[in-house]
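S.K.: My structure is stored as run-v1.cif, with mmCIF, C-alpha atoms.
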```cif
data_data
loop_
_atom_site.label_atom_id
_atom_site.label_comp_id
_atom_site.auth_asym_id
_atom_site.auth_seq_id
_atom_site.Cartn_x
_atom_site.Cartn_y
_atom_site.Cartn_z
CA MET A 1 -54.78 -37.02 -46.12
CA LYS A 2 -53.68 -33.56 -45.13
CA MET A 3 -51.48 -33.22 -42.07
CA HIS A 4 -52.03 -30.72 -39.27
CA PHE A 5 -49.43 -28.21 -40.47
CA CYS A 6 -50.04 -24.57 -39.68
CA ILE A 7 -48.09 -21.31 -39.57
CA PRO A 8 -50.04 -19.23 -37.04
CA VAL A 9 -47.32 -16.63 -36.54
CA SER A 10 -44.33 -15.04 -38.28
CA GLN A 11 -41.62 -12.71 -37.00
CA GLN A 12 -39.33 -10.09 -38.52
CA GLN A 13 -35.67 -10.89 -37.93
CA PRO A 14 -32.49 -8.84 -38.72
CA ASP A 15 -30.08 -10.37 -41.20
CA THR A 16 -26.28 -10.06 -41.33
CA LEU A 17 -26.41 -7.32 -43.99
CA GLY A 18 -28.53 -4.95 -41.94
CA GLY A 19 -31.78 -5.85 -43.62
CA ARG A 20 -34.68 -7.89 -42.29
CA TYR A 21 -36.35 -11.16 -43.19
CA VAL A 22 -39.47 -13.02 -42.07
CA LEU A 23 -39.11 -16.17 -40.01
CA TYR A 24 -42.13 -18.48 -40.09
CA SER A 25 -42.93 -20.72 -37.11
CA VAL A 26 -44.31 -23.99 -38.47
CA TYR A 27 -46.39 -26.14 -36.15
CA LEU A 28 -47.32 -29.79 -36.62
CA ASP A 29 -50.15 -31.29 -34.56
CA GLY A 30 -50.07 -28.22 -32.32
CA PHE A 31 -46.35 -28.37 -31.50
CA LEU A 32 -43.57 -26.19 -32.86
CA PHE A 33 -41.97 -28.22 -35.65
CA CYS A 34 -39.46 -25.82 -37.14
CA LYS A 35 -38.71 -22.19 -38.01
CA VAL A 36 -37.95 -21.45 -41.65
CA ARG A 37 -37.48 -18.59 -44.09
CA TYR A 38 -39.37 -18.23 -47.33
CA SER A 39 -36.14 -18.71 -49.28
CA GLN A 40 -35.56 -22.12 -47.65
CA LEU A 41 -39.04 -23.30 -48.54
CA HIS A 42 -38.68 -21.92 -52.07
CA ARG A 43 -35.47 -23.90 -52.68
CA TRP A 44 -37.16 -27.00 -51.24
CA ASP A 45 -40.11 -26.56 -53.59
CA GLU A 46 -37.73 -26.31 -56.56
CA GLN A 47 -36.08 -29.59 -55.51
CA LEU A 48 -39.46 -31.29 -55.16
CA ARG A 49 -40.54 -30.08 -58.61
CA ARG A 50 -37.44 -31.56 -60.20
CA VAL A 51 -38.62 -34.92 -58.88
CA PHE A 52 -42.43 -34.69 -59.07
CA GLY A 53 -43.03 -32.06 -61.75
CA ASN A 54 -46.03 -29.77 -61.75
CA CYS A 55 -48.35 -32.10 -59.85
CA LEU A 56 -47.35 -30.21 -56.69
CA PRO A 57 -49.58 -27.44 -55.31
CA PRO A 58 -48.68 -23.87 -56.33
CA PHE A 59 -45.95 -22.21 -54.31
CA PRO A 60 -46.38 -18.57 -53.18
CA PRO A 61 -44.69 -16.15 -55.62
CA LYS A 62 -41.47 -14.33 -54.84
CA TYR A 63 -41.62 -10.56 -54.22
CA TYR A 64 -38.70 -8.40 -55.33
CA LEU A 65 -39.77 -5.27 -53.45
CA ALA A 66 -40.31 -4.73 -49.75
CA MET A 67 -43.47 -6.44 -48.51
CA THR A 68 -46.24 -4.67 -46.67
CA THR A 69 -47.81 -6.12 -43.54
CA THR A 70 -50.74 -7.29 -45.65
CA MET A 71 -48.41 -9.05 -48.09
CA VAL A 72 -46.57 -10.77 -45.24
CA GLU A 73 -49.83 -12.06 -43.81
CA GLU A 74 -51.02 -13.21 -47.23
CA ARG A 75 -47.77 -15.13 -47.79
CA ARG A 76 -48.06 -16.72 -44.36
CA GLY A 77 -51.47 -18.10 -45.26
CA GLN A 78 -50.27 -19.26 -48.68
CA LEU A 79 -47.28 -21.10 -47.20
CA GLU A 80 -49.56 -22.76 -44.67
CA CYS A 81 -51.85 -24.03 -47.43
CA TYR A 82 -48.84 -25.20 -49.43
CA LEU A 83 -47.50 -27.30 -46.54
CA GLN A 84 -50.91 -28.83 -45.90
CA ASN A 85 -51.41 -29.72 -49.56
CA VAL A 86 -47.91 -30.93 -50.40
CA THR A 87 -47.95 -33.34 -47.44
CA ALA A 88 -51.26 -34.82 -48.60
CA ASP A 89 -49.43 -36.70 -51.37
CA PRO A 90 -47.89 -39.92 -49.96
CA ARG A 91 -45.41 -40.06 -52.86
CA VAL A 92 -43.96 -36.76 -51.70
CA THR A 93 -43.81 -37.61 -48.00
CA ARG A 94 -42.00 -40.88 -48.76
CA SER A 95 -39.31 -39.17 -50.86
CA ASP A 96 -35.75 -38.49 -49.72
CA VAL A 97 -35.86 -34.85 -50.81
CA PHE A 98 -38.89 -34.33 -48.53
CA THR A 99 -37.40 -36.08 -45.50
CA GLU A 100 -33.89 -34.67 -45.81
CA PHE A 101 -35.08 -31.05 -45.86
CA LEU A 102 -37.42 -31.48 -42.89
CA THR A 103 -34.70 -33.28 -40.95
CA LEU A 104 -32.34 -30.36 -41.54
CA VAL A 105 -34.77 -27.63 -40.46
CA GLN A 106 -35.82 -29.54 -37.33
CA LEU A 107 -32.17 -29.75 -36.24
CA GLN A 108 -31.44 -26.13 -37.18
CA THR A 109 -34.42 -24.80 -35.22
CA LEU A 110 -33.04 -26.22 -31.96
CA ASN A 111 -29.35 -25.74 -32.91
CA ILE A 112 -28.75 -29.47 -32.63
CA THR A 113 -25.89 -31.12 -34.48
CA THR A 114 -25.94 -34.66 -35.81
CA LYS A 115 -24.37 -36.90 -33.21
CA ASN A 116 -24.73 -40.33 -31.65
CA VAL A 117 -27.28 -40.66 -28.85
CA VAL A 118 -29.06 -43.41 -26.95
CA LEU A 119 -32.82 -43.08 -27.16
CA ALA A 120 -35.06 -44.93 -24.70
CA VAL A 121 -38.30 -46.23 -26.22
CA PHE A 122 -40.78 -47.44 -23.61
CA LEU A 123 -43.01 -50.48 -24.03
CA PRO A 124 -46.53 -50.73 -22.57
CA ASP A 125 -45.28 -52.94 -19.72
CA GLY A 126 -42.91 -50.22 -18.53
CA ARG A 127 -39.70 -51.73 -19.89
CA SER A 128 -37.58 -49.65 -22.25
CA ILE A 129 -35.58 -50.50 -25.35
CA ASN A 130 -32.36 -48.51 -25.63
CA VAL A 131 -31.76 -47.55 -29.26
CA GLY A 132 -28.37 -46.37 -30.43
CA SER A 133 -29.26 -43.71 -32.97
CA LEU A 134 -28.39 -40.32 -34.39
CA THR A 135 -30.08 -37.09 -33.43
CA SER A 136 -31.07 -36.90 -37.11
CA ASP A 137 -32.81 -40.30 -37.18
CA THR A 138 -36.50 -40.09 -38.05
CA ALA A 139 -39.31 -41.76 -36.13
CA GLU A 140 -39.64 -44.20 -39.03
CA ARG A 141 -36.00 -45.24 -38.66
CA VAL A 142 -36.15 -45.53 -34.86
CA LEU A 143 -39.33 -47.61 -35.10
CA GLU A 144 -37.66 -50.00 -37.53
CA VAL A 145 -34.71 -50.47 -35.15
CA VAL A 146 -37.02 -51.10 -32.17
CA ALA A 147 -39.08 -53.56 -34.21
CA HIS A 148 -35.92 -55.44 -35.19
CA LYS A 149 -34.78 -55.63 -31.57
CA LEU A 150 -38.18 -57.03 -30.57
CA GLY A 151 -38.29 -59.52 -33.44
CA LEU A 152 -41.34 -57.91 -35.04
CA HIS A 153 -41.89 -59.02 -38.62
CA PRO A 154 -40.99 -56.15 -41.03
CA GLU A 155 -44.38 -56.33 -42.77
CA LEU A 156 -46.10 -55.56 -39.44
CA VAL A 157 -44.07 -52.52 -38.41
CA GLY A 158 -46.65 -50.13 -39.89
CA TYR A 159 -49.30 -51.36 -37.46
CA PHE A 160 -47.35 -49.70 -34.65
CA GLY A 161 -46.17 -46.17 -34.00
CA LEU A 162 -44.04 -44.01 -31.75
CA PHE A 163 -45.88 -41.60 -29.47
CA LEU A 164 -44.99 -38.80 -27.11
CA ILE A 165 -46.47 -40.00 -23.83
CA GLN A 166 -46.74 -38.15 -20.53
CA CYS A 167 -46.40 -40.44 -17.52
CA PHE A 168 -47.80 -39.78 -14.05
CA PRO A 169 -46.59 -41.21 -10.70
CA GLU A 170 -49.82 -43.15 -10.07
CA GLY A 171 -49.34 -45.12 -13.29
CA LYS A 172 -51.71 -43.10 -15.48
CA LEU A 173 -50.59 -41.85 -18.85
CA SER A 174 -51.61 -39.27 -21.42
CA VAL A 175 -50.89 -39.55 -25.13
CA VAL A 176 -49.51 -36.19 -26.20
CA LYS A 177 -49.15 -36.90 -29.91
CA LYS A 178 -48.31 -39.51 -32.54
CA LEU A 179 -44.92 -38.86 -34.11
CA ALA A 180 -45.04 -38.56 -37.90
CA ASP A 181 -42.60 -40.75 -39.84
CA PHE A 182 -40.40 -37.75 -40.70
CA GLU A 183 -40.30 -36.26 -37.19
CA LEU A 184 -37.10 -36.65 -35.18
CA PRO A 185 -37.81 -38.30 -31.82
CA TYR A 186 -34.72 -36.75 -30.23
CA THR A 187 -35.66 -33.19 -31.18
CA SER A 188 -39.30 -33.82 -30.26
CA LEU A 189 -38.25 -34.75 -26.74
CA GLN A 190 -35.87 -31.80 -26.49
CA SER A 191 -38.48 -29.28 -27.60
CA SER A 192 -41.38 -30.70 -25.60
CA GLU A 193 -42.58 -28.52 -22.75
CA VAL A 194 -44.59 -31.42 -21.30
CA GLU A 195 -43.23 -32.76 -18.00
CA ASN A 196 -42.28 -36.44 -17.66
CA CYS A 197 -42.59 -36.97 -21.39
CA LYS A 198 -41.26 -40.19 -22.98
CA ILE A 199 -41.19 -41.91 -26.34
CA GLY A 200 -43.58 -44.86 -26.20
CA LEU A 201 -44.42 -47.72 -28.56
CA ARG A 202 -48.10 -48.52 -29.08
CA LYS A 203 -50.21 -50.07 -31.80
CA TRP A 204 -51.48 -47.50 -34.29
CA TYR A 205 -54.86 -48.67 -35.48
CA LEU A 206 -58.33 -48.26 -34.02
CA ASP A 207 -60.16 -51.20 -35.59
CA PRO A 208 -59.84 -54.15 -33.16
CA ALA A 209 -60.43 -56.58 -36.04
CA MET A 210 -56.89 -55.82 -37.24
CA ASP A 211 -55.52 -57.80 -34.28
CA SER A 212 -56.04 -60.95 -36.34
CA VAL A 213 -53.36 -59.84 -38.81
CA LEU A 214 -50.75 -59.70 -36.05
CA MET A 215 -51.44 -62.80 -34.02
CA ASP A 216 -49.20 -65.13 -36.06
CA CYS A 217 -46.16 -63.06 -35.03
CA ARG A 218 -45.00 -63.78 -31.49
CA ALA A 219 -43.49 -60.33 -30.97
CA ALA A 220 -46.65 -58.59 -32.22
CA GLY A 221 -48.81 -60.76 -29.96
CA ASP A 222 -46.60 -59.88 -27.00
CA LEU A 223 -47.05 -56.16 -27.71
CA LEU A 224 -50.83 -56.52 -28.00
CA TYR A 225 -50.88 -58.38 -24.68
CA MET A 226 -48.73 -55.74 -22.94
CA GLN A 227 -50.98 -52.96 -24.18
CA ALA A 228 -54.18 -54.79 -23.20
CA VAL A 229 -52.82 -55.32 -19.67
CA GLN A 230 -51.83 -51.66 -19.47
CA ASP A 231 -55.20 -50.45 -20.78
CA VAL A 232 -56.98 -52.41 -18.06
CA GLU A 233 -54.66 -51.00 -15.38
CA ILE A 234 -55.09 -47.38 -16.49
CA GLU A 235 -58.86 -47.93 -16.92
CA TRP A 236 -59.02 -47.23 -20.63
CA MET A 237 -60.82 -50.56 -20.98
CA LYS A 238 -64.04 -51.03 -18.99
CA PRO A 239 -64.37 -54.69 -17.96
CA THR A 240 -67.24 -55.88 -15.81
CA GLN A 241 -66.33 -57.20 -12.40
CA ALA A 242 -66.55 -60.78 -13.66
CA GLN A 243 -64.37 -59.97 -16.68
CA ARG A 244 -61.84 -58.19 -14.46
CA GLU A 245 -61.48 -61.22 -12.18
CA GLU A 246 -61.11 -63.60 -15.14
CA LEU A 247 -58.52 -61.31 -16.75
CA LYS A 248 -56.52 -61.24 -13.51
CA ALA A 249 -56.57 -65.03 -13.36
CA LEU A 250 -55.44 -65.36 -16.98
CA GLN A 251 -52.68 -62.80 -16.42
CA LYS A 252 -51.49 -64.74 -13.37
CA GLN A 253 -51.43 -67.90 -15.50
CA GLU A 254 -49.54 -65.96 -18.23
CA ASN A 255 -52.12 -67.18 -20.74
CA GLN A 256 -51.73 -64.41 -23.32
CA THR A 257 -53.98 -65.98 -25.96
CA LYS A 258 -56.99 -66.38 -23.67
CA PHE A 259 -56.32 -62.97 -22.11
CA LEU A 260 -56.50 -61.28 -25.53
CA GLU A 261 -59.56 -63.29 -26.58
CA LEU A 262 -61.42 -62.12 -23.48
CA SER A 263 -60.05 -58.55 -23.79
CA GLN A 264 -61.58 -58.23 -27.26
CA LYS A 265 -65.01 -58.68 -25.65
CA VAL A 266 -64.41 -55.91 -23.09
CA GLN A 267 -65.97 -52.49 -23.60
CA HIS A 268 -63.55 -49.98 -25.18
CA TYR A 269 -60.97 -52.62 -26.04
CA GLY A 270 -58.39 -51.05 -28.37
CA ASN A 271 -59.73 -47.55 -27.73
CA ILE A 272 -57.66 -44.47 -26.94
CA GLN A 273 -58.85 -42.30 -24.08
CA LEU A 274 -58.26 -38.56 -23.77
CA ASP A 275 -57.62 -36.66 -20.56
CA PRO A 276 -60.76 -35.28 -18.90
CA CYS A 277 -61.95 -32.19 -20.76
CA THR A 278 -65.13 -30.17 -21.33
CA CYS A 279 -67.82 -30.01 -24.01
CA ASN A 280 -70.96 -28.07 -24.98
CA HIS A 281 -73.44 -30.96 -24.99
CA PRO A 282 -76.09 -31.32 -23.75
CA GLU A 283 -75.32 -27.91 -22.26
CA PRO A 284 -72.24 -25.67 -21.97
CA GLY A 285 -69.74 -26.42 -19.22
CA CYS A 286 -70.15 -30.19 -19.13
CA GLY A 287 -67.19 -32.38 -18.23
CA VAL A 288 -66.49 -35.28 -20.59
CA LEU A 289 -64.28 -38.34 -20.75
CA LEU A 290 -63.70 -39.30 -24.38
CA SER A 291 -62.82 -42.75 -25.66
CA PHE A 292 -62.59 -43.50 -29.36
CA GLY A 293 -62.06 -46.56 -31.51
CA ASN A 294 -63.98 -49.17 -33.48
CA ASN A 295 -65.64 -46.39 -35.54
CA GLU A 296 -67.14 -44.78 -32.45
CA ILE A 297 -66.63 -41.74 -30.23
CA SER A 298 -67.78 -42.66 -26.72
CA CYS A 299 -68.52 -39.81 -24.31
CA HIS A 300 -69.06 -40.12 -20.57
CA ILE A 301 -70.54 -36.72 -19.77
CA THR A 302 -70.86 -35.08 -16.35
CA LEU A 303 -73.45 -32.30 -16.26
CA PRO A 304 -72.95 -29.16 -14.13
CA ASP A 305 -75.39 -30.56 -11.54
CA GLY A 306 -73.31 -33.74 -11.17
CA GLN A 307 -75.55 -36.09 -13.15
CA THR A 308 -73.89 -38.28 -15.76
CA GLN A 309 -74.89 -39.68 -19.12
CA ASP A 310 -73.21 -41.74 -21.81
CA ILE A 311 -73.43 -40.87 -25.52
CA VAL A 312 -71.92 -42.77 -28.45
CA PHE A 313 -71.34 -41.06 -31.80
CA GLN A 314 -70.94 -43.24 -34.88
CA MET A 315 -68.16 -42.14 -37.23
CA SER A 316 -70.40 -42.85 -40.23
CA ARG A 317 -72.58 -39.93 -39.10
CA VAL A 318 -69.75 -37.44 -38.53
CA ARG A 319 -69.92 -35.10 -41.53
CA CYS A 320 -66.81 -32.99 -40.85
CA TRP A 321 -64.65 -31.60 -38.08
CA GLN A 322 -62.28 -28.75 -37.42
CA VAL A 323 -59.68 -27.75 -34.85
CA THR A 324 -59.61 -24.14 -33.67
CA SER A 325 -57.08 -22.22 -31.58
CA LEU A 326 -58.83 -19.84 -29.17
CA GLY A 327 -55.90 -18.11 -27.51
CA THR A 328 -52.87 -15.94 -28.19
CA LEU A 329 -49.92 -17.51 -29.97
CA LEU A 330 -47.20 -15.25 -28.60
CA ASP A 331 -45.52 -14.85 -25.24
CA THR A 332 -42.67 -12.63 -24.08
CA ASP A 333 -40.05 -14.92 -25.61
CA GLY A 334 -41.67 -15.28 -29.03
CA PRO A 335 -43.84 -18.08 -30.39
CA GLN A 336 -44.95 -20.75 -27.97
CA ARG A 337 -43.68 -24.28 -28.53
CA THR A 338 -47.22 -25.60 -28.29
CA LEU A 339 -50.66 -24.39 -29.34
CA ASN A 340 -52.42 -26.92 -27.16
CA GLN A 341 -53.47 -24.69 -24.27
CA ASN A 342 -56.62 -23.22 -25.82
CA LEU A 343 -57.96 -25.61 -28.42
CA GLU A 344 -61.35 -26.85 -29.43
CA LEU A 345 -62.42 -29.59 -31.81
CA ARG A 346 -65.92 -29.40 -33.17
CA PHE A 347 -67.58 -32.00 -35.33
CA GLN A 348 -70.87 -31.94 -37.19
CA TYR A 349 -73.09 -34.92 -36.43
CA SER A 350 -76.08 -35.98 -38.49
CA GLU A 351 -78.93 -38.02 -37.04
CA ASP A 352 -82.53 -38.33 -38.20
CA SER A 353 -82.06 -35.51 -40.73
CA HIS A 354 -80.92 -33.27 -37.89
CA GLN A 355 -77.40 -31.82 -37.83
CA GLN A 356 -75.66 -30.57 -34.72
CA TRP A 357 -72.19 -29.28 -33.84
CA PHE A 358 -70.58 -31.03 -30.89
CA VAL A 359 -67.70 -29.00 -29.39
CA ILE A 360 -64.86 -30.47 -27.32
CA TYR A 361 -62.41 -28.22 -25.48
CA SER A 362 -59.20 -30.19 -25.05
CA LYS A 363 -55.44 -29.70 -25.25
CA GLN A 364 -55.41 -33.01 -27.17
CA ALA A 365 -57.64 -31.70 -29.97
CA PHE A 366 -55.01 -32.27 -32.67
CA PHE A 367 -54.38 -35.83 -31.51
CA LEU A 368 -58.13 -36.47 -31.48
CA SER A 369 -58.33 -35.20 -35.05
CA SER A 370 -55.51 -37.56 -36.06
CA CYS A 371 -57.43 -40.47 -34.56
CA LEU A 372 -60.63 -39.50 -36.37
CA LYS A 373 -58.68 -39.50 -39.64
CA LYS A 374 -57.26 -42.90 -38.73
CA MET A 375 -60.71 -44.40 -38.20
CA VAL A 376 -61.94 -43.05 -41.54
CA SER A 377 -58.84 -44.38 -43.31
CA GLU A 378 -59.32 -47.83 -41.82
CA LYS A 379 -62.97 -47.84 -42.86
CA MET A 380 -61.95 -47.00 -46.41
CA ALA A 381 -59.40 -49.82 -46.42
CA LYS A 382 -62.09 -52.27 -45.36
CA LEU A 383 -64.45 -51.01 -48.08
CA THR A 384 -61.68 -51.48 -50.62
CA GLU A 385 -61.19 -55.10 -49.58
CA GLU A 386 -64.93 -55.67 -50.01
CA SER A 387 -64.88 -53.99 -53.46
CA PRO A 388 -61.78 -55.19 -55.35
CA GLU A 389 -62.76 -53.19 -58.42
CA MET A 390 -62.07 -50.00 -56.45
CA GLN A 391 -58.31 -49.46 -56.45
CA ILE A 392 -56.75 -47.06 -53.95
CA GLU A 393 -53.25 -45.73 -53.52
CA VAL A 394 -51.38 -48.02 -51.15
CA PRO A 395 -48.02 -46.77 -49.88
CA ASP A 396 -45.02 -48.26 -51.62
CA GLN A 397 -43.65 -51.17 -49.61
CA GLY A 398 -40.12 -50.55 -50.83
CA ARG A 399 -39.14 -47.83 -48.40
CA SER A 400 -41.43 -48.17 -45.43
CA LYS A 401 -43.61 -51.01 -44.22
CA LYS A 402 -46.99 -49.35 -43.87
CA HIS A 403 -50.16 -51.14 -43.05
CA PRO A 404 -52.59 -51.21 -45.97
CA GLY A 405 -55.31 -48.77 -46.83
CA GLN A 406 -54.06 -45.20 -47.05
CA PRO A 407 -56.56 -43.82 -49.61
CA SER A 408 -56.13 -40.55 -51.41
CA GLN A 409 -58.70 -37.78 -51.56
CA LYS A 410 -59.57 -38.86 -55.11
CA ASP A 411 -60.38 -42.35 -53.85
CA TYR A 412 -63.00 -41.01 -51.46
CA PHE A 413 -64.85 -39.26 -54.25
CA ASN A 414 -64.63 -42.39 -56.42
CA PHE A 415 -66.36 -44.30 -53.66
CA LEU A 416 -69.02 -41.61 -53.43
CA ARG A 417 -69.54 -41.52 -57.21
CA LYS A 418 -69.93 -45.31 -57.47
CA GLY A 419 -72.21 -45.51 -54.47
CA LYS A 420 -69.76 -47.40 -52.27
CA MET A 421 -69.90 -44.78 -49.57
CA LYS A 422 -72.47 -42.29 -48.35
CA LYS A 423 -71.89 -38.59 -48.86
CA SER A 424 -71.85 -38.06 -45.08
CA GLU A 425 -69.06 -40.64 -44.74
CA VAL A 426 -66.95 -38.93 -47.40
CA GLU A 427 -67.55 -35.52 -45.85
CA SER A 428 -66.36 -36.83 -42.50
CA MET A 429 -62.87 -36.60 -43.98
CA GLY A 430 -63.04 -32.81 -43.80
CA HIS A 431 -60.71 -31.35 -41.19
CA VAL A 432 -59.08 -27.97 -40.83
CA PHE A 433 -57.03 -25.83 -38.49
CA ARG A 434 -58.07 -22.23 -38.04
CA LYS A 435 -57.47 -19.38 -35.64
CA ARG A 436 -60.35 -17.56 -34.02
CA GLY A 437 -61.88 -15.13 -36.46
CA GLU A 438 -60.43 -16.87 -39.51
CA SER A 439 -62.74 -18.60 -41.97
CA ALA A 440 -62.51 -22.38 -41.97
CA ARG A 441 -60.75 -24.11 -44.85
CA CYS A 442 -62.03 -27.52 -45.80
CA TRP A 443 -62.20 -29.55 -48.99
#
```
In structure tokens, how does this file's structure come out?
M.R.:
Amino acid sequence: MKMHFCIPVSQQQPDTLGGRYVLYSVYLDGFLFCKVRYSQLHRWDEQLRRVFGNCLPPFPPKYYLAMTTTMVEERRGQLECYLQNVTADPRVTRSDVFTEFLTLVQLQTLNITTKNVVLAVFLPDGRSINVGSLTSDTAERVLEVVAHKLGLHPELVGYFGLFLIQCFPEGKLSVVKKLADFELPYTSLQSSEVENCKIGLRKWYLDPAMDSVLMDCRAAGDLLYMQAVQDVEIEWMKPTQAQREELKALQKQENQTKFLELSQKVQHYGNIQLDPCTCNHPEPGCGVLLSFGNNEISCHITLPDGQTQDIVFQMSRVRCWQVTSLGTLLDTDGPQRTLNQNLELRFQYSEDSHQQWFVIYSKQAFFLSSCLKKMVSEKMAKLTEESPEMQIEVPDQGRSKKHPGQPSQKDYFNFLRKGKMKKSEVESMGHVFRKRGESARCW
């Protein structure tokens, strides 16, 4: 699946010979990822082609004369499309030539040298694991070290992820973003403008049925228990009063197995909840509390007159979605480090032959989009298990222990062609990033 890469802005910079060059600000999931020149990306593309051949997307052509403003803007858009398309191929993103280049540009952007550091990774129960690492260590590498320290079976590492999490004094938390495997946790923390931000370990799947895969591993079961306890405390799970009292008793008895068995029956178990935001349904200006998981988007809506209503959207009826930036991307010091101040995510929902756009205004729009992709991916994995004749691309287990079911775009259309999946379910994979006034791009 395509990643949320975008290049919303570029800047002219003087070079050492008295000329000028264009510096492109690359954002991932709404946060500044790196700043690069065309020449750097061009050399990277040449290295990738030596490994993968011409299966890569086309790279923007080189100009030998001075570029006009129109040409600069056209190249910016072409480079953005290239990054989105080249990262859609899991073979590329797992390669050393891919990771080594992105590691280098992340460090260069913040003028950070490779050195030894101690990185604190927080668990759901508030404890932290101190990881001796390098500033150049990727999230994938740090996760593997944490998993080893916890005794997590290597085959289960891919069911968990590292997240940027904002913590509040009253115990609440906000998930800022999921760190991609090739992101550097140290640089992500250094560049984050979010206050009280930490690296946290959480499970990274939204189908509660996947718990069964992990329960035979003591360390994995401990992590699931910690997160369930935390989700009750921060009110992401919605137990009834009777369930709450029984959960407290089981927690006091330290009966993790029974606690998890009961938790799985609680409303919104395993869901991720966004910070309070606004939406356009059933009328503009409504407040909404979003919770998503188990192939559903649950909305607790507060109308302008104070009345409330609950709406549940089924992922199988979501035809497509897109993330849009509504505000300026520049301030007095150059490009902002985050685009998340003025974002909207809109998705098209189909019900009873009627289609409607539901718009959510949230600084976590990119993270929400990532979670929607995750739910679709997990649904595809389950369909594959039910239809063995349909083979999908599963990430190579040699380099990184991923959890199964990471289908390619081709796989989705195979399911559609053979009748294994409805057209609306395939179309729900569509997601784009666009600026206001720019036409949406979607496959």
S.K.: Counting only C-alpha atoms, select every polymer residue within 9 Å of (-61.7, -33.4, -28.0) as defined in the file's coordinates, and provide the selection as an mmCIF file with C-alpha atoms, keeping the file's coordinate frame.
M.R.:
```cif
data_model
loop_
_atom_site.group_PDB
_atom_site.id
_atom_site.type_symbol
_atom_site.label_atom_id
_atom_site.label_comp_id
_atom_site.auth_asym_id
_atom_site.auth_seq_id
_atom_site.Cartn_x
_atom_site.Cartn_y
_atom_site.Cartn_z
ATOM 1 C CA LEU A 274 -58.260 -38.560 -23.770
ATOM 2 C CA CYS A 277 -61.950 -32.190 -20.760
ATOM 3 C CA THR A 278 -65.130 -30.170 -21.330
ATOM 4 C CA CYS A 279 -67.820 -30.010 -24.010
ATOM 5 C CA LEU A 290 -63.700 -39.300 -24.380
ATOM 6 C CA LEU A 343 -57.960 -25.610 -28.420
ATOM 7 C CA GLU A 344 -61.350 -26.850 -29.430
ATOM 8 C CA LEU A 345 -62.420 -29.590 -31.810
ATOM 9 C CA ARG A 346 -65.920 -29.400 -33.170
ATOM 10 C CA VAL A 359 -67.700 -29.000 -29.390
ATOM 11 C CA ILE A 360 -64.860 -30.470 -27.320
ATOM 12 C CA TYR A 361 -62.410 -28.220 -25.480
ATOM 13 C CA SER A 362 -59.200 -30.190 -25.050
ATOM 14 C CA LYS A 363 -55.440 -29.700 -25.250
ATOM 15 C CA GLN A 364 -55.410 -33.010 -27.170
ATOM 16 C CA ALA A 365 -57.640 -31.700 -29.970
ATOM 17 C CA PHE A 366 -55.010 -32.270 -32.670
ATOM 18 C CA PHE A 367 -54.380 -35.830 -31.510
ATOM 19 C CA LEU A 368 -58.130 -36.470 -31.480
ATOM 20 C CA SER A 369 -58.330 -35.200 -35.050
#
```
S.K.: Give me the result of the PyMOL selection byres ((chain A and resi 374) around 12) on this file, residue by residue, as a compact mmCIF listing (two decimals) with C-alpha atoms, keeping the file's coordinate frame.
M.R.:
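Output contents, as saved in result-v6.txt:
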```
# COMPACT_ATOMS: atom_id res chain seq x y z
CA MET A 1 -54.78 -37.02 -46.12
CA LYS A 2 -53.68 -33.56 -45.13
CA MET A 3 -51.48 -33.22 -42.07
CA TYR A 159 -49.30 -51.36 -37.46
CA LYS A 178 -48.31 -39.51 -32.54
CA TRP A 204 -51.48 -47.50 -34.29
CA TYR A 205 -54.86 -48.67 -35.48
CA LEU A 206 -58.33 -48.26 -34.02
CA ASP A 207 -60.16 -51.20 -35.59
CA ILE A 272 -57.66 -44.47 -26.94
CA PHE A 292 -62.59 -43.50 -29.36
CA GLY A 293 -62.06 -46.56 -31.51
CA ASN A 294 -63.98 -49.17 -33.48
CA ASN A 295 -65.64 -46.39 -35.54
CA GLU A 296 -67.14 -44.78 -32.45
CA MET A 315 -68.16 -42.14 -37.23
CA PHE A 367 -54.38 -35.83 -31.51
CA LEU A 368 -58.13 -36.47 -31.48
CA SER A 369 -58.33 -35.20 -35.05
CA SER A 370 -55.51 -37.56 -36.06
CA CYS A 371 -57.43 -40.47 -34.56
CA LEU A 372 -60.63 -39.50 -36.37
CA LYS A 373 -58.68 -39.50 -39.64
CA MET A 375 -60.71 -44.40 -38.20
CA VAL A 376 -61.94 -43.05 -41.54
CA SER A 377 -58.84 -44.38 -43.31
CA GLU A 378 -59.32 -47.83 -41.82
CA LYS A 379 -62.97 -47.84 -42.86
CA MET A 380 -61.95 -47.00 -46.41
CA ALA A 381 -59.40 -49.82 -46.42
CA HIS A 403 -50.16 -51.14 -43.05
CA PRO A 404 -52.59 -51.21 -45.97
CA GLY A 405 -55.31 -48.77 -46.83
CA GLN A 406 -54.06 -45.20 -47.05
CA PRO A 407 -56.56 -43.82 -49.61
CA SER A 428 -66.36 -36.83 -42.50
CA MET A 429 -62.87 -36.60 -43.98
```
S.K.: Please indicate the distance in Å from CA of Leu17 in chain A to CA of Arg75 in chain A, rounded to one decimal place.
M.R.: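 Those two atoms sit 23.1 Å apart.
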S.K.: What is the CA of Ala147 in chain A to CA of Asn116 in chain A distance in Å?
M.R.: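 So the answer is 19.7 Å.
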S.K.: Please write as a PyMOL selection string the list of polymer residues whose atoms come within 10 Å of (-48.8, -53.5, -34.9), counting all atoms listed in the file and keeping to the coordinates of the file.
M.R.: chain A and resi 147+152-153+155-161+201-205+210-211+213-215+217+219-221+223-224+403
